[in-house]
Amino acid sequence: MCGRYTLTVTLEELMLRFLIGEAGLGDYEPKYNIAPAQMVLAIIHDGEKNRLGELKWGLVPPWADDPKIGSRMLNARSETAAAKPAFREALRRKRCLIPADGFYEWQQQDGAKQPLRVTLKSGAPFAMAGLYETWISPAGEKLSTCTVLTTEPNELMRPIHDRMPVILRPEDEALWLDRGLRDPQRLQPLLRPYPPEEMRAYPVRREVGSVRSQGPACIEPLPD
C-alpha cells in the first residue's frame, strides 16, 4: 500500500508543474511525512482548467453510514477498482491527481523494518492517480475525501513491497482528469507500474514511522 509520502516543493513549483493558474492556499508549506487521515493536496479539472484544493486522505463513499470507513480506504487496487462499490463511480466520474515528490515504504532488513524513500531520479514532483468523493452527513455537513490507486510493483519496488502507487506519466495526466471520459477500460492502460529506470529508493531514518516526525531531516539519506 501507499501509506506515507512527501511533497516538499514550493507552491510556485507545484503550480508550474501542474499548470495551475491560482491556488488560494494561503497556508501552504512543504510536507515531509504526509500520513493517512490528513488533509492532502489534490488536483481536479473543472472542465476549463486544473484546480488545486484539499481532500482528506481516506475515501468515504457517499453511501457510507460512518465516515470512519475512510481509514480502510486509503488505497484502491487499480486492477479491481472498477468492480468495487466504494470506487467504481469515482473511477468513472471523480478522478484526481495527488501530487508528491516521494513516498515511503518499509523493507524487512536484518529482522527490522527499514524505511526507504522512493522518488524519481530527477527529484521532480509527480502525480499519483487518485479518486475522490463527497460524503454528506445526516446533518448536511460535507466531507471531501480521496484515495490513492495502487498497482503491482516494478523491478525497483518488488524487493521492497508487493504494491506501489500508480504514478501517472505526465503525458497521461490530462486524460486521467478528463471529465468526459467515463469508460474504465480506456483508463486501464494508464494504471501500470512506472518505469523503474526512472526511479530510485534510498534509506532514511526510522523516525519517519512516527507521524510526529516532520522537517527536512525526514528525507535525508542515511550515511553509507
# chains A, B, ... in the order shown; residues from 1 in each chain; ligands from 1
call {"tool": "residues_around", "arguments": {"residues": "Ile44 of chain A", "least_positions_apart": "4", "cutoff": "6 Å", "atoms": "only C-alpha atoms", "output": "PyMOL selection string"}}
result
chain A and resi 50-51+96
call {"tool": "residues_around", "arguments": {"residues": "Pro153 of chain A", "least_positions_apart": "4", "cutoff": "7 Å", "atoms": "only C-alpha atoms", "output": "list of chain:residue names"}}
result
A:Met157, A:Arg158, A:Asp162, A:Arg163, A:Met164, A:Pro193
call {"tool": "write_last_selection", "arguments": {"atoms": "N, CA and C atoms", "output": "mmCIF file, in the first residue's frame"}}
result
data_model
loop_
_atom_site.group_PDB
_atom_site.id
_atom_site.type_symbol
_atom_site.label_atom_id
_atom_site.label_comp_id
_atom_site.auth_asym_id
_atom_site.auth_seq_id
_atom_site.Cartn_x
_atom_site.Cartn_y
_atom_site.Cartn_z
ATOM 1 N N MET A 157 10.682 -1.754 -7.003
ATOM 2 C CA MET A 157 9.857 -1.892 -5.816
ATOM 3 C C MET A 157 9.642 -3.338 -5.379
ATOM 4 N N ARG A 158 9.817 -4.292 -6.272
ATOM 5 C CA ARG A 158 9.461 -5.681 -5.960
ATOM 6 C C ARG A 158 10.186 -6.214 -4.721
ATOM 7 N N ASP A 162 4.937 -5.454 -2.224
ATOM 8 C CA ASP A 162 4.207 -6.092 -3.319
ATOM 9 C C ASP A 162 3.211 -5.162 -4.007
ATOM 10 N N ARG A 163 3.150 -3.882 -3.596
ATOM 11 C CA ARG A 163 2.315 -2.889 -4.262
ATOM 12 C C ARG A 163 3.093 -1.582 -4.339
ATOM 13 N N MET A 164 2.660 -0.719 -5.242
ATOM 14 C CA MET A 164 3.212 0.632 -5.327
ATOM 15 C C MET A 164 2.115 1.557 -5.832
ATOM 16 N N PRO A 193 2.722 0.007 -13.735
ATOM 17 C CA PRO A 193 3.888 0.407 -12.945
ATOM 18 C C PRO A 193 4.749 1.429 -13.685
#
call {"tool": "residues_around", "arguments": {"residues": "segment 178-190 of chain A", "least_positions_apart": "4", "cutoff": "12 Å", "atoms": "only C-alpha atoms", "output": "PyMOL selection string"}}
result
chain A and resi 43-50+77-83+87-97+128-129+149-151+166-174+194
call {"tool": "residues_around", "arguments": {"residues": "Gly215 of chain A", "least_positions_apart": "4", "cutoff": "12 Å", "atoms": "only C-alpha atoms", "output": "list in words"}}
result
Thr6, Leu7, Thr8, Glu29, Pro30, Lys31, Tyr32, Asn33, Ile34, Glu207, Val208, Val211, Ile219 and Glu220 of chain A
call {"tool": "select_by_dssp", "arguments": {"residues": "segment 32-151 of chain A", "states": "helix (DSSP H, G or I)", "output": "ChimeraX atom specification"}}
result
/A:67-72,81-83,88-93
call {"tool": "residues_around", "arguments": {"residues": "Val60 of chain A", "least_positions_apart": "4", "cutoff": "10 Å", "atoms": "only C-alpha atoms", "output": "MDAnalysis selection string"}}
result
chainID A and resid 56 64:74 86:87 132:136 143:147
call {"tool": "closest_atom_pairs", "arguments": {"of": "segment 113-215 of chain A", "to": "segment 12-16 of chain A", "cutoff": "10 Å", "atoms": "only C-alpha atoms", "output": "Markdown table"}}
result
| residue | atom | partner | partner_atom | distance |
| --- | --- | --- | --- | --- |
| A:Ala124 | CA | A:Glu13 | CA | 9.6 |
| A:Pro125 | CA | A:Leu14 | CA | 7.6 |
| A:Phe126 | CA | A:Leu14 | CA | 9.6 |
call {"tool": "atom_distance", "arguments": {"atom1": "atom CA of Glu54 of chain A", "atom2": "atom CA of Met39 of chain A"}}
result
5.9 Å
call {"tool": "closest_residue", "arguments": {"among": "A:Met1, A:Ala127, A:Ile160, A:Leu19", "to": "Arg200 of chain A", "atoms": "only C-alpha atoms"}}
result
A:Ile160
